[in-house]
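Visitor: Data file protein-v6.tsv (TSV, N, CA and C atoms) is appended below.
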chain	number	residue	atom	x	y	z
A	1	MET	N	20.40	5.81	-14.81
A	1	MET	CA	19.45	5.04	-15.60
A	1	MET	C	18.53	6.00	-16.33
A	2	ALA	N	18.24	5.69	-17.58
A	2	ALA	CA	17.30	6.45	-18.40
A	2	ALA	C	17.67	7.91	-18.56
A	3	GLY	N	18.96	8.23	-18.45
A	3	GLY	CA	19.41	9.59	-18.67
A	3	GLY	C	19.03	10.58	-17.59
A	4	LEU	N	18.74	10.11	-16.39
A	4	LEU	CA	18.32	11.02	-15.32
A	4	LEU	C	19.43	11.98	-14.91
A	5	ASP	N	20.68	11.63	-15.20
A	5	ASP	CA	21.76	12.53	-14.85
A	5	ASP	C	21.75	13.80	-15.70
A	6	THR	N	21.00	13.82	-16.78
A	6	THR	CA	20.92	15.01	-17.63
A	6	THR	C	19.80	15.95	-17.19
A	7	LEU	N	19.09	15.63	-16.13
A	7	LEU	CA	17.97	16.45	-15.67
A	7	LEU	C	18.36	17.47	-14.61
A	8	ASP	N	19.64	17.68	-14.40
A	8	ASP	CA	20.08	18.61	-13.36
A	8	ASP	C	19.51	20.01	-13.54
A	9	SER	N	19.35	20.44	-14.77
A	9	SER	CA	18.84	21.80	-15.01
A	9	SER	C	17.31	21.85	-15.12
A	10	ALA	N	16.66	20.70	-15.02
A	10	ALA	CA	15.20	20.66	-15.11
A	10	ALA	C	14.58	21.13	-13.80
A	11	SER	N	13.33	21.52	-13.87
A	11	SER	CA	12.62	21.96	-12.67
A	11	SER	C	12.47	20.79	-11.70
A	12	GLU	N	12.25	21.13	-10.44
A	12	GLU	CA	12.06	20.10	-9.41
A	12	GLU	C	10.85	19.22	-9.74
A	13	ASN	N	9.78	19.84	-10.24
A	13	ASN	CA	8.58	19.06	-10.61
A	13	ASN	C	8.89	18.07	-11.72
A	14	LEU	N	9.63	18.51	-12.74
A	14	LEU	CA	9.96	17.62	-13.85
A	14	LEU	C	10.87	16.49	-13.39
A	15	ARG	N	11.87	16.80	-12.56
A	15	ARG	CA	12.76	15.75	-12.03
A	15	ARG	C	11.96	14.74	-11.22
A	16	GLY	N	11.06	15.23	-10.37
A	16	GLY	CA	10.24	14.34	-9.56
A	16	GLY	C	9.37	13.44	-10.41
A	17	PHE	N	8.77	14.02	-11.46
A	17	PHE	CA	7.94	13.25	-12.37
A	17	PHE	C	8.76	12.16	-13.06
A	18	ALA	N	9.95	12.53	-13.56
A	18	ALA	CA	10.80	11.56	-14.26
A	18	ALA	C	11.26	10.45	-13.33
A	19	LEU	N	11.65	10.81	-12.11
A	19	LEU	CA	12.09	9.79	-11.15
A	19	LEU	C	10.97	8.82	-10.81
A	20	LYS	N	9.76	9.33	-10.67
A	20	LYS	CA	8.62	8.46	-10.37
A	20	LYS	C	8.34	7.51	-11.53
A	21	ARG	N	8.47	7.99	-12.75
A	21	ARG	CA	8.25	7.14	-13.93
A	21	ARG	C	9.30	6.04	-14.01
A	22	VAL	N	10.55	6.40	-13.74
A	22	VAL	CA	11.62	5.40	-13.76
A	22	VAL	C	11.41	4.38	-12.65
A	23	PHE	N	11.05	4.84	-11.47
A	23	PHE	CA	10.79	3.94	-10.35
A	23	PHE	C	9.70	2.94	-10.73
A	24	GLY	N	8.64	3.42	-11.34
A	24	GLY	CA	7.54	2.55	-11.74
A	24	GLY	C	7.92	1.54	-12.81
A	25	ALA	N	8.96	1.84	-13.57
A	25	ALA	CA	9.38	0.95	-14.66
A	25	ALA	C	10.49	-0.02	-14.26
A	26	LEU	N	10.96	0.04	-13.03
A	26	LEU	CA	12.10	-0.80	-12.64
A	26	LEU	C	11.84	-2.29	-12.85
A	27	MET	N	10.70	-2.76	-12.44
A	27	MET	CA	10.44	-4.21	-12.56
A	27	MET	C	10.21	-4.59	-14.02
A	28	THR	N	9.70	-3.68	-14.84
A	28	THR	CA	9.59	-3.95	-16.27
A	28	THR	C	10.99	-4.13	-16.85
A	29	ARG	N	11.92	-3.30	-16.41
A	29	ARG	CA	13.31	-3.41	-16.85
A	29	ARG	C	13.90	-4.76	-16.46
A	30	VAL	N	13.64	-5.20	-15.24
A	30	VAL	CA	14.14	-6.50	-14.78
A	30	VAL	C	13.57	-7.61	-15.66
A	31	ASN	N	12.27	-7.57	-15.93
A	31	ASN	CA	11.66	-8.60	-16.78
A	31	ASN	C	12.17	-8.52	-18.21
A	32	ALA	N	12.49	-7.34	-18.70
A	32	ALA	CA	12.99	-7.20	-20.06
A	32	ALA	C	14.34	-7.89	-20.24
A	33	MET	N	15.11	-8.00	-19.15
A	33	MET	CA	16.42	-8.66	-19.23
A	33	MET	C	16.30	-10.13	-19.60
A	34	SER	N	15.13	-10.71	-19.39
A	34	SER	CA	14.95	-12.14	-19.69
A	34	SER	C	14.34	-12.37	-21.06
A	35	GLY	N	14.14	-11.31	-21.84
A	35	GLY	CA	13.68	-11.47	-23.22
A	35	GLY	C	12.25	-10.99	-23.43
A	36	ALA	N	11.93	-10.81	-24.71
A	36	ALA	CA	10.63	-10.26	-25.10
A	36	ALA	C	9.47	-11.16	-24.71
A	37	GLU	N	9.65	-12.46	-24.81
A	37	GLU	CA	8.55	-13.38	-24.49
A	37	GLU	C	8.18	-13.29	-23.01
A	38	ASN	N	9.18	-13.28	-22.13
A	38	ASN	CA	8.90	-13.16	-20.70
A	38	ASN	C	8.35	-11.79	-20.35
A	39	LEU	N	8.84	-10.76	-21.01
A	39	LEU	CA	8.33	-9.41	-20.78
A	39	LEU	C	6.85	-9.33	-21.15
A	40	ALA	N	6.49	-9.92	-22.29
A	40	ALA	CA	5.09	-9.92	-22.72
A	40	ALA	C	4.22	-10.71	-21.73
A	41	ALA	N	4.70	-11.87	-21.30
A	41	ALA	CA	3.94	-12.68	-20.35
A	41	ALA	C	3.74	-11.94	-19.03
A	42	ALA	N	4.79	-11.27	-18.57
A	42	ALA	CA	4.68	-10.53	-17.31
A	42	ALA	C	3.69	-9.38	-17.44
A	43	SER	N	3.71	-8.69	-18.59
A	43	SER	CA	2.80	-7.55	-18.74
A	43	SER	C	1.34	-8.00	-18.79
A	44	ILE	N	1.09	-9.17	-19.33
A	44	ILE	CA	-0.28	-9.70	-19.36
A	44	ILE	C	-0.75	-10.04	-17.94
A	45	CYS	N	0.17	-10.48	-17.11
A	45	CYS	CA	-0.17	-10.92	-15.75
A	45	CYS	C	-0.03	-9.82	-14.71
A	46	THR	N	0.05	-8.58	-15.12
A	46	THR	CA	0.19	-7.45	-14.20
A	46	THR	C	-1.18	-7.09	-13.61
A	47	ALA	N	-1.17	-6.77	-12.33
A	47	ALA	CA	-2.40	-6.33	-11.66
A	47	ALA	C	-2.14	-4.99	-11.00
A	48	SER	N	-3.14	-4.11	-11.04
A	48	SER	CA	-2.99	-2.77	-10.47
A	48	SER	C	-4.18	-2.42	-9.60
A	49	LYS	N	-3.93	-1.58	-8.60
A	49	LYS	CA	-5.00	-1.10	-7.73
A	49	LYS	C	-4.58	0.25	-7.18
A	50	THR	N	-5.53	1.14	-7.03
A	50	THR	CA	-5.28	2.45	-6.42
A	50	THR	C	-6.14	2.56	-5.17
A	51	PHE	N	-5.55	3.09	-4.10
A	51	PHE	CA	-6.26	3.23	-2.84
A	51	PHE	C	-5.66	4.40	-2.08
A	52	VAL	N	-6.28	4.76	-0.98
A	52	VAL	CA	-5.79	5.84	-0.12
A	52	VAL	C	-5.20	5.22	1.14
A	53	ASP	N	-4.01	5.69	1.52
A	53	ASP	CA	-3.36	5.25	2.75
A	53	ASP	C	-2.77	6.47	3.44
A	54	GLU	N	-3.38	6.90	4.51
A	54	GLU	CA	-2.95	8.10	5.23
A	54	GLU	C	-1.53	7.98	5.77
A	55	ASN	N	-1.00	6.75	5.91
A	55	ASN	CA	0.34	6.54	6.45
A	55	ASN	C	1.41	6.43	5.37
A	56	ALA	N	1.02	6.46	4.11
A	56	ALA	CA	1.99	6.31	3.02
A	56	ALA	C	2.83	7.57	2.87
A	57	ASP	N	4.15	7.37	2.83
A	57	ASP	CA	5.05	8.51	2.70
A	57	ASP	C	5.97	8.39	1.48
A	58	ASP	N	6.47	7.20	1.21
A	58	ASP	CA	7.47	7.02	0.17
A	58	ASP	C	7.09	5.88	-0.78
A	59	ASP	N	7.62	5.98	-2.00
A	59	ASP	CA	7.47	4.89	-2.95
A	59	ASP	C	8.32	3.71	-2.47
A	60	ILE	N	7.84	2.49	-2.73
A	60	ILE	CA	8.55	1.31	-2.25
A	60	ILE	C	8.20	0.12	-3.15
A	61	ILE	N	9.11	-0.81	-3.23
A	61	ILE	CA	8.86	-2.06	-3.95
A	61	ILE	C	9.00	-3.20	-2.95
A	62	TYR	N	8.00	-4.06	-2.90
A	62	TYR	CA	8.08	-5.29	-2.13
A	62	TYR	C	8.32	-6.42	-3.11
A	63	LEU	N	9.33	-7.22	-2.85
A	63	LEU	CA	9.65	-8.37	-3.68
A	63	LEU	C	9.37	-9.62	-2.85
A	64	TYR	N	8.37	-10.36	-3.27
A	64	TYR	CA	7.97	-11.57	-2.55
A	64	TYR	C	8.60	-12.78	-3.23
A	65	THR	N	9.37	-13.54	-2.47
A	65	THR	CA	9.98	-14.75	-3.01
A	65	THR	C	9.40	-15.95	-2.28
A	66	TYR	N	9.31	-17.04	-3.02
A	66	TYR	CA	8.69	-18.25	-2.49
A	66	TYR	C	9.54	-19.45	-2.87
A	67	ASP	N	9.44	-20.52	-2.10
A	67	ASP	CA	10.06	-21.77	-2.50
A	67	ASP	C	9.22	-22.36	-3.64
A	68	ASN	N	9.88	-22.72	-4.72
A	68	ASN	CA	9.24	-23.39	-5.86
A	68	ASN	C	8.11	-22.60	-6.51
A	69	ALA	N	8.25	-21.28	-6.56
A	69	ALA	CA	7.25	-20.45	-7.23
A	69	ALA	C	7.93	-19.20	-7.78
A	70	VAL	N	7.29	-18.57	-8.74
A	70	VAL	CA	7.82	-17.35	-9.37
A	70	VAL	C	7.72	-16.19	-8.38
A	71	PRO	N	8.79	-15.40	-8.24
A	71	PRO	CA	8.72	-14.22	-7.37
A	71	PRO	C	7.72	-13.20	-7.91
A	72	ILE	N	7.22	-12.37	-7.02
A	72	ILE	CA	6.29	-11.31	-7.37
A	72	ILE	C	6.81	-10.00	-6.80
A	73	ALA	N	6.77	-8.95	-7.62
A	73	ALA	CA	7.15	-7.62	-7.17
A	73	ALA	C	5.90	-6.75	-7.15
A	74	VAL	N	5.70	-6.03	-6.06
A	74	VAL	CA	4.60	-5.08	-5.96
A	74	VAL	C	5.22	-3.71	-5.70
A	75	THR	N	4.97	-2.80	-6.63
A	75	THR	CA	5.47	-1.43	-6.55
A	75	THR	C	4.36	-0.55	-6.02
A	76	PHE	N	4.64	0.19	-4.94
A	76	PHE	CA	3.68	1.13	-4.37
A	76	PHE	C	4.21	2.54	-4.61
A	77	MET	N	3.43	3.36	-5.30
A	77	MET	CA	3.84	4.74	-5.59
A	77	MET	C	2.81	5.70	-5.00
A	78	VAL	N	3.30	6.62	-4.17
A	78	VAL	CA	2.44	7.57	-3.48
A	78	VAL	C	2.18	8.77	-4.38
A	79	GLY	N	0.91	9.13	-4.50
A	79	GLY	CA	0.52	10.26	-5.32
A	79	GLY	C	-0.08	11.37	-4.48
A	80	ASP	N	-0.90	12.18	-5.10
A	80	ASP	CA	-1.54	13.30	-4.43
A	80	ASP	C	-2.53	12.83	-3.37
A	81	ASN	N	-2.62	13.59	-2.30
A	81	ASN	CA	-3.60	13.34	-1.23
A	81	ASN	C	-3.54	11.93	-0.66
A	82	LYS	N	-2.31	11.40	-0.58
A	82	LYS	CA	-2.06	10.07	0.01
A	82	LYS	C	-2.69	8.93	-0.80
A	83	SER	N	-2.96	9.18	-2.09
A	83	SER	CA	-3.38	8.07	-2.95
A	83	SER	C	-2.16	7.20	-3.23
A	84	VAL	N	-2.36	5.92	-3.33
A	84	VAL	CA	-1.27	4.99	-3.59
A	84	VAL	C	-1.67	4.13	-4.78
A	85	SER	N	-0.75	4.03	-5.73
A	85	SER	CA	-0.95	3.17	-6.89
A	85	SER	C	-0.08	1.94	-6.69
A	86	ALA	N	-0.70	0.77	-6.62
A	86	ALA	CA	0.02	-0.49	-6.45
A	86	ALA	C	0.00	-1.24	-7.78
A	87	ASN	N	1.16	-1.76	-8.15
A	87	ASN	CA	1.28	-2.50	-9.40
A	87	ASN	C	2.04	-3.80	-9.11
A	88	GLY	N	1.40	-4.93	-9.31
A	88	GLY	CA	2.01	-6.23	-9.04
A	88	GLY	C	2.34	-6.95	-10.33
A	89	VAL	N	3.54	-7.57	-10.37
A	89	VAL	CA	3.98	-8.26	-11.57
A	89	VAL	C	4.85	-9.46	-11.17
A	90	PHE	N	4.73	-10.54	-11.93
A	90	PHE	CA	5.62	-11.67	-11.73
A	90	PHE	C	7.02	-11.29	-12.22
A	91	VAL	N	8.04	-11.75	-11.52
A	91	VAL	CA	9.42	-11.56	-11.95
A	91	VAL	C	9.80	-12.82	-12.73
A	92	MET	N	9.89	-12.67	-14.05
A	92	MET	CA	9.89	-13.82	-14.95
A	92	MET	C	11.26	-14.43	-15.26
A	93	ASP	N	12.33	-13.85	-14.85
A	93	ASP	CA	13.65	-14.35	-15.21
A	93	ASP	C	14.06	-15.47	-14.25
A	94	ASP	N	13.99	-16.70	-14.72
A	94	ASP	CA	14.30	-17.84	-13.85
A	94	ASP	C	15.80	-17.98	-13.58
A	95	LYS	N	16.62	-17.16	-14.22
A	95	LYS	CA	18.06	-17.20	-13.97
A	95	LYS	C	18.47	-16.26	-12.84
A	96	LEU	N	17.55	-15.42	-12.40
A	96	LEU	CA	17.87	-14.49	-11.31
A	96	LEU	C	18.05	-15.25	-10.01
A	97	SER	N	19.02	-14.81	-9.25
A	97	SER	CA	19.23	-15.36	-7.93
A	97	SER	C	18.77	-14.32	-6.92
A	98	LEU	N	17.73	-14.65	-6.17
A	98	LEU	CA	17.14	-13.69	-5.24
A	98	LEU	C	17.22	-14.19	-3.81
A	99	GLY	N	18.27	-14.91	-3.50
A	99	GLY	CA	18.40	-15.53	-2.18
A	99	GLY	C	18.90	-14.63	-1.08
A	100	SER	N	19.47	-13.47	-1.43
A	100	SER	CA	20.00	-12.58	-0.39
A	100	SER	C	19.76	-11.13	-0.78
A	101	ALA	N	19.92	-10.25	0.20
A	101	ALA	CA	19.76	-8.82	-0.06
A	101	ALA	C	20.77	-8.34	-1.10
A	102	GLU	N	21.99	-8.84	-1.05
A	102	GLU	CA	23.02	-8.44	-2.00
A	102	GLU	C	22.64	-8.84	-3.43
A	103	GLU	N	22.10	-10.03	-3.58
A	103	GLU	CA	21.69	-10.49	-4.92
A	103	GLU	C	20.54	-9.64	-5.45
A	104	ILE	N	19.63	-9.26	-4.60
A	104	ILE	CA	18.50	-8.43	-5.02
A	104	ILE	C	18.99	-7.04	-5.41
A	105	GLU	N	19.95	-6.50	-4.69
A	105	GLU	CA	20.50	-5.18	-5.02
A	105	GLU	C	21.08	-5.15	-6.43
A	106	THR	N	21.63	-6.28	-6.91
A	106	THR	CA	22.21	-6.31	-8.25
A	106	THR	C	21.15	-6.14	-9.34
A	107	LEU	N	19.89	-6.39	-9.03
A	107	LEU	CA	18.81	-6.18	-10.00
A	107	LEU	C	18.71	-4.73	-10.43
A	108	PHE	N	19.08	-3.83	-9.53
A	108	PHE	CA	18.87	-2.41	-9.74
A	108	PHE	C	20.16	-1.72	-10.18
A	109	ASP	N	20.93	-2.41	-10.96
A	109	ASP	CA	22.19	-1.99	-11.56
A	109	ASP	C	22.40	-0.47	-11.59
A	110	GLY	N	23.31	-0.01	-10.75
A	110	GLY	CA	23.67	1.40	-10.77
A	110	GLY	C	22.79	2.32	-9.94
A	111	LEU	N	21.69	1.84	-9.42
A	111	LEU	CA	20.81	2.66	-8.59
A	111	LEU	C	21.07	2.36	-7.12
A	112	THR	N	20.96	3.36	-6.29
A	112	THR	CA	21.11	3.16	-4.86
A	112	THR	C	19.78	2.65	-4.32
A	113	VAL	N	19.80	1.46	-3.76
A	113	VAL	CA	18.59	0.87	-3.19
A	113	VAL	C	18.90	0.36	-1.79
A	114	GLU	N	17.87	0.28	-0.99
A	114	GLU	CA	18.00	-0.31	0.34
A	114	GLU	C	17.13	-1.54	0.35
A	115	VAL	N	17.74	-2.69	0.63
A	115	VAL	CA	17.01	-3.95	0.65
A	115	VAL	C	16.95	-4.44	2.10
A	116	THR	N	15.75	-4.70	2.57
A	116	THR	CA	15.53	-5.20	3.91
A	116	THR	C	14.75	-6.50	3.81
A	117	GLU	N	15.26	-7.54	4.44
A	117	GLU	CA	14.56	-8.82	4.43
A	117	GLU	C	13.53	-8.84	5.56
A	118	ILE	N	12.32	-9.22	5.20
A	118	ILE	CA	11.24	-9.34	6.19
A	118	ILE	C	10.79	-10.78	6.16
A	119	LYS	N	10.95	-11.45	7.28
A	119	LYS	CA	10.56	-12.86	7.38
A	119	LYS	C	9.08	-12.95	7.78
A	120	PRO	N	8.36	-13.91	7.20
A	120	PRO	CA	6.95	-14.06	7.58
A	120	PRO	C	6.81	-14.53	9.03
A	121	GLU	N	5.77	-14.07	9.67
A	121	GLU	CA	5.49	-14.54	11.03
A	121	GLU	C	4.97	-15.95	10.98
A	122	LYS	N	5.36	-16.73	11.95
A	122	LYS	CA	4.89	-18.13	11.96
A	122	LYS	C	3.85	-18.33	13.02
As structure tokens, how would this structure be written, given the file I've shared?
Guide:
Amino acid sequence: MAGLDTLDSASENLRGFALKRVFGALMTRVNAMSGAENLAAASICTASKTFVDENADDDIIYLYTYDNAVPIAVTFMVGDNKSVSANGVFVMDDKLSLGSAEEIETLFDGLTVEVTEIKPEK
């Protein structure tokens, strides 16, 4: 995705920077698949927050699905000194099927992802 396979000769810092940028844009890419109008609506409804979490180690995306409501994706990206940048966005494509881990994996076309279902406590 995004020509990352051409970065083999780039420095480790540059590769890391590019991978982080692509990771942060994944949900924008998903929303873009549903057209410019949905992409614009999703970008208007995006919320961001930065905080420190001493336990944060890796970048991660949480995809929250609900009965009869638009799914929400929250991307957490770990920065310097355990700072975390969280970015939340509605997933606007109503044609997406997000009922199983396999269906969610198809969103990330060509990328290796690990999808784990977490059920809410009752």
Visitor: Go through A:Ser43, A:Glu102, A:Ile60, A:Lys95 and flag the residue nearest Val78 of chain A, using all atoms listed in the file for the distances.
Guide: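 Selected residue with least distance to Val78 of chain A: A:Ile60.
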Visitor: Which residue is closest to Asp58 of chain A? Choose from A:Met27, A:Val70, A:Val84, A:Ala40 and count only C-alpha atoms.
Guide: A:Val84
Visitor: Go through segment 25-105 of chain A and collect every residue that DSSP, computed from the backbone, puts in strand (DSSP E or B); the answer should be as a list of chain:residue names.
Guide: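 Of segment 25-105 of chain A, only A:Ala47, A:Ser48, A:Lys49, A:Thr50, A:Phe51, A:Val52, A:Ile60, A:Ile61, A:Tyr62, A:Leu63, A:Tyr64, A:Ile72, A:Ala73, A:Val74, A:Thr75, A:Phe76, A:Met77, A:Val78, A:Ser83, A:Val84, A:Ser85, A:Ala86, A:Asn87, A:Gly88, A:Val89, A:Phe90 fall in strand (DSSP E or B).
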Visitor: Could you tell me which of A:Cys45, A:Ala73, A:Ile61, A:Phe108 comes closest to Val91 of chain A if we count all atoms listed in the file?
Guide: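 When distances to Val91 of chain A are compared using all atoms listed in the file, the smallest one comes from A:Ala73.
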Visitor: Quick one, how far is atom CA of Met92 of chain A from atom N of Ala36 of chain A?
Guide: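 Here the two named atoms are 10.4 Å from each other.
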Visitor: Need the shell around Ile72 of chain A: protein/DNA/RNA residues with any atom at most 7 Å away, counting all atoms listed in the file. Skip same-chain ones fewer than 2 positions apart. Format as a list in words?
Guide: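 My list of contacting residues is Tyr62, Leu63, Tyr64, Thr65, Tyr66, Ala69, Val70, Val74, Gly88, Val89, Phe90 and Val91 of chain A.
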Visitor: Is there a way to get, as a PyMOL selection string, all residues within 8 Å of the point (16.8, -5.3, 2.7) in file coordinates, counting only N, CA and C atoms?
Guide: chain A and resi 100-102+113-118
Visitor: Could you please write out, as a PyMOL selection string, every residue of chain A that DSSP assigns to alpha helix (DSSP H)?
Guide: chain A and resi 12-32+36-44+101-105
Visitor: If you measure from atom CA of Pro120 of chain A to atom CA of Gly79 of chain A, what distance in Å do you get, rounded to one decimal?
Guide: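 Between atom CA of Pro120 of chain A and atom CA of Gly79 of chain A the gap is 28.3 Å.
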Visitor: Using atom C of Thr106 of chain A and atom CA of Val30 of chain A as the two end points, give the distance in Å to one decimal.
Guide: 8.9 Å
Visitor: Choose the residue, out of A:Leu26, A:Val52, A:Ala10, A:Leu39, that has the smallest atom-to-atom separation from Ser83 of chain A; count only C-alpha atoms.
Guide: A:Val52
Visitor: With 3 Å on each side, where is the centre of the axis-aligned box around all listed atoms of segment 90-94 of chain A, and how long are its edges in Å to one decimal, as JSON?
Guide:
{"center_x": 10.3, "center_y": -14.3, "center_z": -13.4, "size_x": 17.1, "size_y": 13.4, "size_z": 9.7}
Visitor: From the set A:Phe23, A:Leu14, A:Leu107, A:Asn87, which residue has the shortest atom-to-atom contact distance to Lys49 of chain A, counting only C-alpha atoms?
Guide: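 The shortest atom-to-atom distance to Lys49 of chain A comes from A:Asn87.
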